[in-house]
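Coordinates as given in model28.cif (mmCIF, C-alpha atoms):
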```
data_my_file
#
loop_
_atom_site.label_atom_id
_atom_site.label_comp_id
_atom_site.auth_asym_id
_atom_site.auth_seq_id
_atom_site.Cartn_x
_atom_site.Cartn_y
_atom_site.Cartn_z
CA MET A 2 17.05 36.20 24.47
CA ALA A 3 20.30 37.11 26.26
CA LYS A 4 20.04 39.22 29.39
CA GLN A 5 21.95 42.49 29.51
CA ARG A 6 24.37 42.95 32.40
CA ARG A 7 23.96 45.96 34.58
CA PRO A 8 27.11 47.94 35.30
CA ALA A 9 28.50 47.42 38.75
CA PRO A 10 27.46 50.15 41.12
CA ARG A 11 30.15 52.70 41.89
CA SER A 12 31.41 52.79 45.45
CA SER A 13 30.81 56.01 47.27
CA LYS A 14 33.99 55.57 49.34
CA ALA A 15 37.21 57.37 48.27
CA PRO A 16 40.22 55.19 47.36
CA SER A 17 42.43 54.44 50.33
CA GLN A 18 45.81 56.17 50.55
CA SER A 19 48.96 54.13 50.00
CA SER A 20 50.95 53.19 53.06
CA SER A 21 53.96 55.14 51.85
CA ALA A 22 52.18 58.46 51.45
CA ARG A 23 51.82 60.73 54.49
CA PRO A 24 50.19 64.11 54.90
CA VAL A 25 52.39 67.21 54.86
CA ARG A 26 52.59 68.90 58.21
CA ALA A 27 51.80 72.53 58.52
CA SER A 28 55.24 73.28 59.98
CA GLU A 29 56.93 71.69 57.01
CA ALA A 30 54.75 73.51 54.57
CA GLY A 31 55.59 76.76 56.23
CA ALA A 32 59.28 75.97 56.11
CA ALA A 33 59.10 75.22 52.41
CA GLU A 34 57.35 78.50 51.69
CA ARG A 35 59.64 80.57 53.96
CA PRO A 36 62.59 82.11 51.97
CA SER A 37 66.16 81.41 53.16
CA ALA A 38 67.79 84.10 55.30
CA PRO A 39 70.26 86.27 53.32
CA THR A 40 73.96 85.92 54.24
CA SER A 41 75.38 88.89 56.10
CA PRO A 42 77.88 90.91 54.03
CA ALA A 43 81.56 90.82 55.02
CA PRO A 44 82.53 93.68 57.32
CA GLN A 45 84.04 96.56 55.45
CA ARG A 46 87.61 97.54 56.25
CA ARG A 47 88.37 101.04 57.35
CA SER A 48 90.43 103.04 54.93
CA THR A 49 93.00 103.52 57.67
CA TYR A 50 93.53 99.74 57.82
CA PHE A 51 95.09 99.64 54.36
CA GLU A 52 97.27 102.64 55.20
CA ALA A 53 98.44 100.91 58.39
CA VAL A 54 99.20 97.69 56.50
CA ALA A 55 101.24 99.58 53.90
CA LEU A 56 103.32 101.18 56.67
CA TYR A 57 103.67 97.81 58.42
CA GLU A 58 104.96 96.18 55.21
CA ARG A 59 107.55 98.95 54.78
CA GLY A 60 108.76 98.14 58.28
CA LEU A 61 109.11 94.46 57.39
CA GLU A 62 111.11 95.32 54.26
CA ALA A 63 113.53 97.38 56.34
CA LEU A 64 113.81 94.51 58.82
CA GLN A 65 114.69 92.06 56.04
CA LYS A 66 117.46 94.46 54.94
CA HIS A 67 118.81 94.49 58.55
CA ALA A 68 118.03 98.21 58.82
CA TYR A 69 116.78 97.65 62.35
CA GLN A 70 116.50 101.26 63.47
CA GLN A 71 114.56 102.26 60.37
CA ALA A 72 112.28 99.24 60.75
CA ALA A 73 111.65 100.09 64.41
CA ASN A 74 110.71 103.66 63.51
CA LEU A 75 108.21 102.50 60.87
CA LEU A 76 106.62 99.90 63.13
CA GLU A 77 106.32 102.38 65.99
CA SER A 78 104.55 104.72 63.56
CA VAL A 79 101.89 102.06 63.00
CA LEU A 80 101.15 101.93 66.73
CA ARG A 81 101.22 105.70 67.08
CA GLN A 82 99.31 106.79 63.97
CA TYR A 83 96.74 103.98 63.81
CA PRO A 84 95.69 103.14 67.38
CA GLU A 85 92.32 101.80 66.20
CA GLU A 86 93.90 98.96 64.18
CA LYS A 87 94.15 96.63 67.18
CA GLU A 88 94.25 93.41 65.14
CA LEU A 89 97.47 94.59 63.46
CA HIS A 90 99.19 95.73 66.63
CA GLU A 91 100.05 92.23 67.87
CA ARG A 92 102.14 91.47 64.78
CA VAL A 93 103.69 94.93 64.86
CA ARG A 94 104.85 94.47 68.47
CA LEU A 95 106.33 91.05 67.63
CA TYR A 96 108.62 92.45 64.92
CA LEU A 97 109.29 95.59 66.91
CA ASN A 98 110.78 93.45 69.70
CA ILE A 99 113.07 91.76 67.14
CA CYS A 100 114.27 95.15 65.86
CA GLN A 101 114.99 96.44 69.35
CA ARG A 102 116.87 93.28 70.34
CA GLN A 103 119.03 93.37 67.20
CA ALA A 104 119.76 97.08 67.68
CA ARG A 105 120.95 96.46 71.25
CA GLN A 106 123.25 93.67 70.05
CA ARG A 107 124.80 95.94 67.42
CA GLU A 108 125.42 98.67 69.97
CA ALA A 109 127.20 96.16 72.22
CA ALA A 110 129.32 94.72 69.38
CA PRO A 111 133.10 95.12 69.80
CA GLN A 112 134.59 97.94 67.78
CA THR A 113 138.37 97.85 68.31
CA ILE A 114 140.88 95.09 67.59
CA ASP A 115 141.41 94.41 71.29
CA GLU A 116 137.66 94.22 71.89
CA ARG A 117 137.22 91.80 69.01
CA LEU A 118 140.09 89.61 70.18
CA TYR A 119 138.58 89.51 73.66
CA ALA A 120 135.12 88.71 72.26
CA ALA A 121 136.64 85.94 70.09
CA THR A 122 138.36 84.46 73.15
CA LEU A 123 135.08 84.38 75.05
CA ALA A 124 133.33 82.83 72.06
CA ILE A 125 135.94 80.06 71.71
CA ASN A 126 135.76 79.31 75.43
CA GLY A 127 131.98 79.10 75.11
CA GLY A 128 132.10 76.81 72.07
CA GLN A 129 130.66 79.50 69.76
CA TYR A 130 133.20 79.01 67.01
CA ASP A 131 131.19 80.66 64.23
CA GLN A 132 130.95 83.84 66.25
CA ALA A 133 134.67 83.69 67.11
CA ILE A 134 135.61 83.32 63.45
CA ALA A 135 133.43 86.31 62.54
CA HIS A 136 135.25 88.52 65.07
CA LEU A 137 138.69 87.25 64.05
CA ARG A 138 138.10 87.80 60.36
CA LEU A 139 137.33 91.45 61.08
CA VAL A 140 140.63 91.72 62.95
CA ARG A 141 142.48 90.02 60.10
CA ASP A 142 140.91 92.35 57.55
CA GLU A 143 142.00 95.37 59.56
CA ASP A 144 145.41 94.00 60.58
CA PRO A 145 146.51 91.20 58.19
CA ASP A 146 149.75 90.57 60.12
CA ASN A 147 148.13 90.09 63.52
CA ASP A 148 149.59 86.66 64.31
CA HIS A 149 147.48 86.36 67.48
CA ALA A 150 144.23 86.64 65.55
CA ILE A 151 145.43 84.25 62.86
CA TYR A 152 146.54 81.70 65.46
CA MET A 153 143.09 81.90 67.08
CA LEU A 154 141.53 81.33 63.67
CA ALA A 155 143.54 78.10 63.48
CA VAL A 156 142.14 77.08 66.87
CA ALA A 157 138.53 77.88 65.92
CA HIS A 158 138.75 75.95 62.64
CA ALA A 159 140.44 73.03 64.40
CA GLN A 160 137.56 72.83 66.85
CA ARG A 161 135.17 72.66 63.90
CA ASP A 162 137.25 69.82 62.38
CA GLU A 163 138.18 72.00 59.42
CA HIS A 164 141.75 70.77 59.18
CA ALA A 165 142.82 72.45 55.95
CA GLU A 166 141.73 75.91 57.12
CA ALA A 167 143.24 75.36 60.58
CA VAL A 168 146.65 74.29 59.25
CA ALA A 169 146.75 77.12 56.72
CA HIS A 170 146.14 79.70 59.44
CA LEU A 171 148.65 78.02 61.75
CA GLU A 172 151.36 78.11 59.08
CA ARG A 173 150.65 81.79 58.52
CA ALA A 174 150.78 82.50 62.29
CA ILE A 175 154.12 80.69 62.60
CA ALA A 176 155.53 82.57 59.62
CA LEU A 177 154.57 85.86 61.29
CA ASN A 178 155.82 84.80 64.72
CA PRO A 179 157.92 81.61 65.11
CA GLU A 180 157.02 81.45 68.80
CA ASN A 181 153.59 80.21 67.74
CA ARG A 182 155.22 76.91 66.74
CA ALA A 183 156.18 76.11 70.34
CA LEU A 184 152.77 77.28 71.52
CA ALA A 185 151.00 74.97 69.07
CA ARG A 186 152.96 71.90 70.16
CA ASN A 187 151.35 71.91 73.60
CA ASP A 188 148.04 73.61 72.84
CA PRO A 189 145.12 71.28 73.78
CA ASP A 190 142.79 73.31 71.55
CA LEU A 191 144.69 71.97 68.53
CA GLU A 192 144.27 68.35 69.61
CA PRO A 193 141.95 67.52 66.67
CA LEU A 194 144.92 68.15 64.33
CA ARG A 195 147.44 65.82 65.99
CA ASP A 196 147.07 63.06 63.39
CA ASP A 197 147.21 65.45 60.45
CA GLU A 198 150.47 65.17 58.51
CA ALA A 199 150.32 68.80 57.40
CA PHE A 200 149.95 69.85 61.03
CA ARG A 201 152.96 67.78 62.11
CA ALA A 202 154.98 69.20 59.25
CA ALA A 203 154.09 72.75 60.35
CA LEU A 204 155.39 72.01 63.84
CA GLU A 205 158.76 70.74 62.66
CA ALA A 206 161.55 73.20 63.29
CA PRO A 207 163.03 74.51 60.06
CA PRO A 208 166.51 73.14 59.30
CA VAL A 209 169.33 75.33 60.58
CA ALA A 210 171.50 76.62 57.77
CA ARG A 211 174.96 75.07 58.10
CA VAL A 212 177.85 77.48 57.99
CA ASP A 213 180.78 76.21 55.94
CA ARG A 214 183.81 77.12 58.00
CA ARG A 215 186.32 75.68 55.54
CA ARG A 216 188.56 78.14 53.83
CA PRO A 217 187.79 78.60 50.21
CA LEU A 218 190.33 77.09 47.84
CA LYS A 219 192.61 79.58 46.31
CA SER A 220 192.75 79.56 42.59
CA ARG A 221 196.14 78.82 41.16
CA SER A 222 197.84 81.79 39.68
CA ALA A 223 198.67 81.48 36.05
CA ARG A 224 202.25 80.74 35.44
#
```
Written form, structure tokens:
Amino acid sequence: MAKQRRPAPRSSKAPSQSSSARPVRASEAGAAERPSAPTSPAPQRRSTYFEAVALYERGLEALQKHAYQQAANLLESVLRQYPEEKELHERVRLYLNICQRQARQREAAPQTIDERLYAATLAINGGQYDQAIAHLRLVRDEDPDNDHAIYMLAVAHAQRDEHAEAVAHLERAIALNPENRALARNDPDLEPLRDDEAFRAALEAPPVARVDRRRPLKSRSAR
């Protein structure tokens, strides 16, 4: 008769933990249960800030239109009416300095023809040919037959290697005052034009009209 097998006795020991598993620390468990800190809301702007910015932007618009005095008044109002908006004041002062500098330059700008001619002379001597041309064009607009201004325009354009403009102004200056031809022949400021055929042609003396001293032939009287 076959013997029955007894079931193997169960071990009273608990199954060993795997090498990869590790117990959860109390600090980690607490961190997992602890809720994340809420983000702080963005600071609210004062209502005066938006009013100050609107006034500041009006000042910038006036500055872009070259209305420097108006822009300065608006920017100064930002500093005066909104002293608490410190973060805006630095930009306001930057543009306010630009307005004040431009206003001083306009006050010092030459007003009469003589003042503009003098300012153009200083500009040419200093190599500031764009500025010289700006002064001389104002003189030409006010006095189109001012040969001195037109001759100086020829010099300024010659120094900028703008031969066509220089020769055109020189021809006009000579037409207004023939003495400018002799002046141009020895003027070192016109040296860039020496190889220009149009310049050499402008310096040539016009042909003297020959006077026919012969007596006119008398017509034969009809017989």
- Dig up all the protein and nucleic acid residues within 12 Å of (133.5, 73.4, 62.0) in the file frame, using only C-alpha atoms, and format them as a ChimeraX atom specification. /A:128-134,154-167,193
- Item | Explicit residues for the PyMOL selection byres ((chain A and resi 138-144) around 9) (as JSON, numbers by chain) | {"A": [113, 114, 115, 117, 118, 133, 134, 135, 136, 137, 145, 146, 147, 148, 150, 151, 154]}
Let me see the file: selected residues, C-alpha atoms, as a PDB file, keeping the file's coordinate frame.
```
ATOM      1  CA  THR A 113     138.370  97.850  68.310  1.00  0.00           C
ATOM      2  CA  ILE A 114     140.880  95.090  67.590  1.00  0.00           C
ATOM      3  CA  ASP A 115     141.410  94.410  71.290  1.00  0.00           C
ATOM      4  CA  ARG A 117     137.220  91.800  69.010  1.00  0.00           C
ATOM      5  CA  LEU A 118     140.090  89.610  70.180  1.00  0.00           C
ATOM      6  CA  ALA A 133     134.670  83.690  67.110  1.00  0.00           C
ATOM      7  CA  ILE A 134     135.610  83.320  63.450  1.00  0.00           C
ATOM      8  CA  ALA A 135     133.430  86.310  62.540  1.00  0.00           C
ATOM      9  CA  HIS A 136     135.250  88.520  65.070  1.00  0.00           C
ATOM     10  CA  LEU A 137     138.690  87.250  64.050  1.00  0.00           C
ATOM     11  CA  PRO A 145     146.510  91.200  58.190  1.00  0.00           C
ATOM     12  CA  ASP A 146     149.750  90.570  60.120  1.00  0.00           C
ATOM     13  CA  ASN A 147     148.130  90.090  63.520  1.00  0.00           C
ATOM     14  CA  ASP A 148     149.590  86.660  64.310  1.00  0.00           C
ATOM     15  CA  ALA A 150     144.230  86.640  65.550  1.00  0.00           C
ATOM     16  CA  ILE A 151     145.430  84.250  62.860  1.00  0.00           C
ATOM     17  CA  LEU A 154     141.530  81.330  63.670  1.00  0.00           C
TER      18      LEU A 154
END
```
- Message: So that I can check the surroundings of range 183-190 of chain A, please list as a PyMOL selection string every protein, DNA and RNA residue that reaches within 10 Å of it, counting all atoms listed in the file and ignoring chain neighbours fewer than 5 positions away.
- Response: chain A and resi 125+152-153+155-157+159-160+171+175+195+200-201+203-206
- CA of Glu52 in chain A and CA of Arg102 in chain A, how far apart in Å?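 It comes out at 26.5 Å.
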- Give me, please, the distance in Å between CA of Asn74 in chain A and CA of Ser48 in chain A, quoted to one decimal. 22.0 Å
- Message: Let me make sure I understand: among A:Asp197, A:Tyr96, A:Leu64, A:Glu86, which one has the smallest atom-to-atom distance to Tyr50 in chain A if we use all atoms listed in the file?
- Response: A:Glu86
- Note on the structure: Using only C-alpha atoms, the residue out of A:Tyr119, A:Ala202, A:Lys87, A:Val54 with shortest distance to Val168 in chain A is A:Ala202
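CA of Gly127 in chain A sits 27.2 Å away from CA of Tyr69 in chain A.
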- Query: Using only C-alpha atoms, which residue out of A:Arg47, A:Tyr57, A:Leu191, A:His149 lies closest to Thr122 in chain A?
  - Reply: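 Among the listed residues, the smallest separation from Thr122 in chain A belongs to A:His149.
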